[in-house]
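S.K.: File follows, model32.csv with CSV, C-alpha atoms:
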```csv
chain,number,residue,atom,x,y,z
A,1,MET,CA,0.0,0.0,0.0
A,2,THR,CA,1.2,3.5,-0.7
A,3,LEU,CA,-0.1,6.8,0.4
A,4,THR,CA,-1.5,9.5,-1.9
A,5,GLU,CA,-1.3,13.2,-1.3
A,6,SER,CA,-4.9,13.2,-0.2
A,7,THR,CA,-4.3,10.8,2.7
A,8,MET,CA,-1.2,12.6,4.0
A,9,ILE,CA,-1.7,14.8,7.1
A,10,PRO,CA,-0.4,18.3,6.6
A,11,LEU,CA,3.1,19.3,7.7
A,12,GLY,CA,3.0,21.3,10.9
A,13,THR,CA,0.5,19.1,12.5
A,14,ALA,CA,1.2,18.5,16.2
A,15,CYS,CA,2.3,15.1,17.3
A,16,PRO,CA,-0.5,13.3,19.2
A,17,ASN,CA,0.1,12.9,22.9
A,18,PHE,CA,0.4,9.3,24.0
A,19,THR,CA,1.2,7.0,26.9
A,20,LEU,CA,1.9,3.4,25.8
A,21,PRO,CA,3.5,0.3,27.2
A,22,GLY,CA,6.9,-0.5,25.8
A,23,ALA,CA,8.4,-3.9,25.0
A,24,ASP,CA,11.1,-3.0,27.6
A,25,GLY,CA,8.4,-3.1,30.4
A,26,GLN,CA,8.2,0.7,30.8
A,27,LEU,CA,5.4,3.1,30.1
A,28,TRP,CA,6.4,5.7,27.6
A,29,SER,CA,4.8,9.1,26.8
A,30,LEU,CA,5.4,11.8,24.3
A,31,HIS,CA,6.9,13.9,27.1
A,32,ASP,CA,9.7,11.4,27.7
A,33,PHE,CA,11.4,12.4,24.5
A,34,HIS,CA,13.5,15.6,24.9
A,35,SER,CA,15.7,15.6,21.8
A,36,PRO,CA,15.5,18.3,19.1
A,37,ALA,CA,13.7,15.9,16.8
A,38,LEU,CA,11.4,12.9,17.2
A,39,LEU,CA,10.9,10.1,14.8
A,40,VAL,CA,7.8,7.9,15.2
A,41,ALA,CA,8.0,4.7,13.2
A,42,VAL,CA,4.7,2.8,12.9
A,43,MET,CA,5.9,-0.7,12.5
A,44,CYS,CA,5.1,-4.3,13.5
A,45,ASN,CA,6.8,-7.7,13.6
A,46,HIS,CA,5.4,-9.7,10.7
A,47,CYS,CA,5.5,-7.2,7.8
A,48,PRO,CA,8.3,-8.0,5.3
A,49,TYR,CA,8.7,-4.3,4.6
A,50,VAL,CA,9.5,-3.7,8.3
A,51,GLN,CA,11.7,-6.7,8.4
A,52,GLY,CA,13.6,-5.3,5.4
A,53,VAL,CA,14.3,-2.0,7.2
A,54,ASP,CA,14.3,-2.5,10.9
A,55,ASP,CA,18.1,-2.8,11.1
A,56,ARG,CA,18.2,0.6,9.3
A,57,ILE,CA,15.8,2.1,11.8
A,58,ASN,CA,17.9,0.8,14.6
A,59,ALA,CA,21.0,2.3,12.9
A,60,LEU,CA,19.3,5.7,12.6
A,61,ALA,CA,18.4,5.6,16.3
A,62,GLU,CA,22.1,4.9,17.1
A,63,ALA,CA,23.5,7.5,14.7
A,64,TYR,CA,21.2,10.3,16.0
A,65,ALA,CA,21.1,9.4,19.7
A,66,GLY,CA,20.6,12.6,21.7
A,67,ARG,CA,19.6,14.6,18.6
A,68,CYS,CA,16.7,12.6,17.2
A,69,ALA,CA,14.8,10.2,19.5
A,70,VAL,CA,13.3,7.2,17.7
A,71,VAL,CA,10.2,5.4,18.9
A,72,GLY,CA,8.5,2.4,17.2
A,73,ILE,CA,4.8,1.9,17.6
A,74,ASN,CA,2.9,-1.3,16.7
A,75,ALA,CA,-0.8,-0.9,16.2
A,76,ASN,CA,-1.7,-4.1,14.4
A,77,ASP,CA,-4.6,-6.2,15.6
A,78,ALA,CA,-2.8,-8.9,17.6
A,79,VAL,CA,-6.0,-11.1,17.7
A,80,ALA,CA,-5.9,-11.5,13.9
A,81,PHE,CA,-2.1,-11.4,13.7
A,82,PRO,CA,-0.7,-13.1,16.8
A,83,GLU,CA,2.9,-12.6,15.5
A,84,ASP,CA,2.3,-8.9,16.3
A,85,SER,CA,1.2,-9.5,19.9
A,86,PHE,CA,2.9,-7.6,22.8
A,87,ALA,CA,4.7,-10.8,23.8
A,88,ALA,CA,6.0,-11.2,20.3
A,89,MET,CA,7.1,-7.5,20.3
A,90,ARG,CA,9.1,-8.1,23.5
A,91,LYS,CA,10.9,-11.1,21.9
A,92,ARG,CA,11.5,-9.2,18.6
A,93,ALA,CA,12.9,-6.1,20.4
A,94,ARG,CA,15.3,-8.3,22.3
A,95,THR,CA,16.3,-10.5,19.4
A,96,LYS,CA,16.9,-7.5,17.1
A,97,GLY,CA,18.6,-5.4,19.8
A,98,TYR,CA,16.4,-2.4,19.3
A,99,VAL,CA,18.0,0.7,20.9
A,100,PHE,CA,14.7,2.6,20.7
A,101,PRO,CA,11.5,2.1,22.6
A,102,TYR,CA,9.0,-0.3,20.8
A,103,LEU,CA,5.5,0.6,22.0
A,104,TRP,CA,2.2,-1.2,21.8
A,105,ASP,CA,-0.8,0.8,20.6
A,106,GLU,CA,-3.3,-1.9,21.4
A,107,GLU,CA,-6.3,0.4,21.0
A,108,GLN,CA,-4.9,1.8,17.7
A,109,THR,CA,-5.6,5.3,19.0
A,110,VAL,CA,-2.1,6.8,18.3
A,111,ALA,CA,-1.8,5.3,14.9
A,112,ARG,CA,-5.2,6.7,13.9
A,113,HIS,CA,-4.3,10.2,15.2
A,114,LEU,CA,-1.0,10.0,13.3
A,115,GLY,CA,-2.9,9.1,10.1
A,116,ALA,CA,-0.8,6.0,9.7
A,117,VAL,CA,-1.9,3.6,7.0
A,118,CYS,CA,1.0,1.1,6.5
A,119,THR,CA,4.0,-0.5,8.1
A,120,PRO,CA,6.5,1.0,8.1
A,121,ASP,CA,5.1,4.6,8.2
A,122,PHE,CA,7.5,7.3,9.3
A,123,PHE,CA,6.6,10.6,11.1
A,124,LEU,CA,9.4,13.1,11.9
A,125,TYR,CA,8.7,15.9,14.3
A,126,ASP,CA,10.7,19.0,15.0
A,127,SER,CA,11.6,20.4,18.5
A,128,HIS,CA,8.1,21.8,18.8
A,129,ARG,CA,6.7,18.4,17.9
A,130,ARG,CA,5.3,19.6,14.7
A,131,LEU,CA,5.3,17.3,11.7
A,132,ALA,CA,8.2,18.0,9.4
A,133,TYR,CA,8.3,14.8,7.4
A,134,ARG,CA,6.0,12.0,6.6
A,135,GLY,CA,7.2,9.4,4.1
A,136,ARG,CA,9.6,6.6,3.3
A,137,LEU,CA,12.9,5.7,4.9
A,138,ASP,CA,14.8,5.4,1.6
A,139,ASP,CA,14.4,4.3,-2.0
A,140,ASN,CA,15.0,0.5,-1.6
A,141,TRP,CA,13.4,-1.3,1.3
A,142,LYS,CA,14.5,-4.7,0.0
A,143,ASP,CA,18.3,-4.1,-0.1
A,144,ALA,CA,20.3,-1.5,1.9
A,145,ALA,CA,23.2,-2.0,-0.5
A,146,HIS,CA,21.2,-0.6,-3.4
A,147,VAL,CA,19.8,2.6,-1.6
A,148,THR,CA,20.6,5.7,-3.6
A,149,ARG,CA,18.4,8.2,-1.8
A,150,GLN,CA,18.0,8.4,2.0
A,151,ASP,CA,14.9,10.5,2.3
A,152,LEU,CA,14.4,10.2,6.1
A,153,LYS,CA,18.0,10.9,6.9
A,154,GLU,CA,17.9,14.0,4.8
A,155,ALA,CA,14.7,15.1,6.5
A,156,ILE,CA,16.3,14.6,10.0
A,157,GLU,CA,19.3,16.6,8.9
A,158,ARG,CA,17.0,19.4,7.8
A,159,VAL,CA,15.1,19.4,11.1
A,160,LEU,CA,18.3,19.5,13.1
A,161,ALA,CA,19.7,22.4,11.0
A,162,ALA,CA,16.3,24.2,11.4
A,163,ARG,CA,15.9,24.2,7.6
A,164,GLU,CA,12.6,24.0,5.7
A,165,PRO,CA,11.2,20.5,5.2
A,166,LEU,CA,11.9,18.6,2.0
A,167,GLU,CA,9.9,20.0,-0.8
A,168,THR,CA,9.0,16.6,-2.1
A,169,GLN,CA,8.2,13.8,0.3
A,170,GLN,CA,7.9,10.3,-1.1
A,171,PRO,CA,5.1,8.4,0.6
A,172,SER,CA,5.7,5.3,2.7
A,173,MET,CA,5.2,1.9,1.2
A,174,GLY,CA,4.4,-1.3,3.1
A,175,CYS,CA,1.7,-3.6,4.5
A,176,SER,CA,-1.6,-2.0,5.4
A,177,ILE,CA,-2.2,-1.6,9.2
A,178,LYS,CA,-4.3,-4.5,10.5
A,179,TRP,CA,-7.2,-2.5,12.0
A,180,LYS,CA,-9.7,-4.1,14.4
```
Could you show the structure in this file as structure tokens?
M.R.:
Amino acid sequence: MTLTESTMIPLGTACPNFTLPGADGQLWSLHDFHSPALLVAVMCNHCPYVQGVDDRINALAEAYAGRCAVVGINANDAVAFPEDSFAAMRKRARTKGYVFPYLWDEEQTVARHLGAVCTPDFFLYDSHRRLAYRGRLDDNWKDAAHVTRQDLKEAIERVLAAREPLETQQPSMGCSIKWK
């Protein structure tokens, strides 16, 4: 599934407030993130698109530690997709060594407020927690070795330099969110 211009929420939209349980056993809220930028990655365990890029998400979190906080949010229906359950999230976060909080949006409230439609779906917020980028990670989810354009990384750099958002933002592509 890909997003069209009409389904994208406008830049400048405030990040929705949230308090969600993390795979690390902690409760996380929007106010726990104090860095100049915040990346919210709507993701899950079973999606091949997420599996293709989650190491890159982790690498971004490491590379931008202290400057751009990263948080993963899983909103998939765990009844219909048990591989996306909270228990499975805990296991995946440990196995993959996620250096970012991986949160469970069981009621799907945050994902709906974000306007998320697929996994992965990326939302980058500036220091005022206003949307500065909504789109893809890069131009090759299947093979990191063949990436020629790192859209999300460029957007992060622009936010950190207090520059205008990317003029053209390529929509995310992935599996549709499994709504209840």
S.K.: So that I can see what lies close to Ala75 of chain A, please list as a list in words the residues with an atom at most 7 Å from it, counting only C-alpha atoms and leaving out residues fewer than 4 positions away in the same chain.
M.R.: Trp104, Asp105, Glu106, Gln108 and Ala111 of chain A
S.K.: Got a sec to check which residues sit within 9 Å of (3.6, 6.3, 3.3), counting all atoms listed in the file, and write them as a ChimeraX atom specification?
M.R.: /A:1-4,8,116-122,134-136,170-174
S.K.: Pick from A:Cys175, A:Val110, A:Ile73, A:Ala78: nearest to Met43 of chain A, with only C-alpha atoms counted?
M.R.: A:Ile73
S.K.: From the set A:Pro101, A:Pro48, A:Gly115, A:Pro82, which residue has the shortest atom-to-atom contact distance to Trp141 of chain A, counting all atoms listed in the file?
M.R.: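 Once distances to Trp141 of chain A are computed over all atoms listed in the file, the minimum belongs to A:Pro48.
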S.K.: Quote the spacing between atom CA of His113 of chain A and atom CA of Ala155 of chain A in Å to one decimal place.
M.R.: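 If I compute the distance from atom CA of His113 of chain A to atom CA of Ala155 of chain A, I get 21.5 Å.
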S.K.: Excluding Ala88 of chain A and its own-chain neighbours fewer than 3 positions away, which residues fall within 12 Å of it when counting only C-alpha atoms? Please give them as a VMD selection string.
M.R.: chain A and resid 23 44 to 46 74 78 81 to 85 91 to 96 102 to 104
S.K.: Between A:Leu114, A:Ala145, A:Ile57, A:Val99, which residue has the minimum interatomic distance to Pro16 of chain A, considering all atoms listed in the file?
M.R.: A:Leu114
S.K.: Output: segment 78-96 of chain A of the preceding structure, restricted to N, CA and C atoms, written as a PDB file, in the first residue's frame.
M.R.:
```pdb
ATOM      1  N   ALA A  78      -3.569  -7.746  17.199  1.00  0.00           N
ATOM      2  CA  ALA A  78      -2.838  -8.949  17.613  1.00  0.00           C
ATOM      3  C   ALA A  78      -3.731 -10.181  17.681  1.00  0.00           C
ATOM      4  N   VAL A  79      -5.048  -9.996  17.703  1.00  0.00           N
ATOM      5  CA  VAL A  79      -5.950 -11.147  17.688  1.00  0.00           C
ATOM      6  C   VAL A  79      -5.907 -11.793  16.299  1.00  0.00           C
ATOM      7  N   ALA A  80      -5.994 -10.959  15.278  1.00  0.00           N
ATOM      8  CA  ALA A  80      -5.942 -11.463  13.905  1.00  0.00           C
ATOM      9  C   ALA A  80      -4.520 -11.831  13.481  1.00  0.00           C
ATOM     10  N   PHE A  81      -3.525 -11.165  14.073  1.00  0.00           N
ATOM     11  CA  PHE A  81      -2.120 -11.391  13.722  1.00  0.00           C
ATOM     12  C   PHE A  81      -1.314 -11.605  14.997  1.00  0.00           C
ATOM     13  N   PRO A  82      -1.356 -12.837  15.568  1.00  0.00           N
ATOM     14  CA  PRO A  82      -0.668 -13.111  16.841  1.00  0.00           C
ATOM     15  C   PRO A  82       0.833 -12.827  16.806  1.00  0.00           C
ATOM     16  N   GLU A  83       1.438 -12.857  15.621  1.00  0.00           N
ATOM     17  CA  GLU A  83       2.871 -12.569  15.517  1.00  0.00           C
ATOM     18  C   GLU A  83       3.174 -11.099  15.817  1.00  0.00           C
ATOM     19  N   ASP A  84       2.118 -10.270  15.942  1.00  0.00           N
ATOM     20  CA  ASP A  84       2.285  -8.868  16.298  1.00  0.00           C
ATOM     21  C   ASP A  84       1.828  -8.584  17.732  1.00  0.00           C
ATOM     22  N   SER A  85       1.665  -9.625  18.539  1.00  0.00           N
ATOM     23  CA  SER A  85       1.226  -9.466  19.931  1.00  0.00           C
ATOM     24  C   SER A  85       2.311  -8.771  20.754  1.00  0.00           C
ATOM     25  N   PHE A  86       1.928  -8.304  21.923  1.00  0.00           N
ATOM     26  CA  PHE A  86       2.874  -7.641  22.816  1.00  0.00           C
ATOM     27  C   PHE A  86       4.002  -8.594  23.211  1.00  0.00           C
ATOM     28  N   ALA A  87       3.671  -9.847  23.494  1.00  0.00           N
ATOM     29  CA  ALA A  87       4.700 -10.833  23.843  1.00  0.00           C
ATOM     30  C   ALA A  87       5.680 -11.020  22.679  1.00  0.00           C
ATOM     31  N   ALA A  88       5.159 -11.074  21.471  1.00  0.00           N
ATOM     32  CA  ALA A  88       6.021 -11.226  20.288  1.00  0.00           C
ATOM     33  C   ALA A  88       6.868  -9.963  20.068  1.00  0.00           C
ATOM     34  N   MET A  89       6.307  -8.794  20.388  1.00  0.00           N
ATOM     35  CA  MET A  89       7.066  -7.546  20.290  1.00  0.00           C
ATOM     36  C   MET A  89       8.265  -7.568  21.238  1.00  0.00           C
ATOM     37  N   ARG A  90       8.022  -8.029  22.454  1.00  0.00           N
ATOM     38  CA  ARG A  90       9.103  -8.088  23.451  1.00  0.00           C
ATOM     39  C   ARG A  90      10.231  -8.973  22.947  1.00  0.00           C
ATOM     40  N   LYS A  91       9.854 -10.118  22.388  1.00  0.00           N
ATOM     41  CA  LYS A  91      10.855 -11.054  21.865  1.00  0.00           C
ATOM     42  C   LYS A  91      11.616 -10.437  20.694  1.00  0.00           C
ATOM     43  N   ARG A  92      10.897  -9.807  19.759  1.00  0.00           N
ATOM     44  CA  ARG A  92      11.549  -9.212  18.585  1.00  0.00           C
ATOM     45  C   ARG A  92      12.499  -8.080  18.998  1.00  0.00           C
ATOM     46  N   ALA A  93      12.066  -7.235  19.912  1.00  0.00           N
ATOM     47  CA  ALA A  93      12.912  -6.126  20.358  1.00  0.00           C
ATOM     48  C   ALA A  93      14.218  -6.651  20.966  1.00  0.00           C
ATOM     49  N   ARG A  94      14.114  -7.726  21.752  1.00  0.00           N
ATOM     50  CA  ARG A  94      15.321  -8.335  22.340  1.00  0.00           C
ATOM     51  C   ARG A  94      16.197  -8.967  21.264  1.00  0.00           C
ATOM     52  N   THR A  95      15.578  -9.764  20.411  1.00  0.00           N
ATOM     53  CA  THR A  95      16.317 -10.482  19.370  1.00  0.00           C
ATOM     54  C   THR A  95      17.036  -9.523  18.428  1.00  0.00           C
ATOM     55  N   LYS A  96      16.357  -8.455  18.036  1.00  0.00           N
ATOM     56  CA  LYS A  96      16.922  -7.490  17.092  1.00  0.00           C
ATOM     57  C   LYS A  96      17.818  -6.462  17.776  1.00  0.00           C
TER      58      LYS A  96
END
```
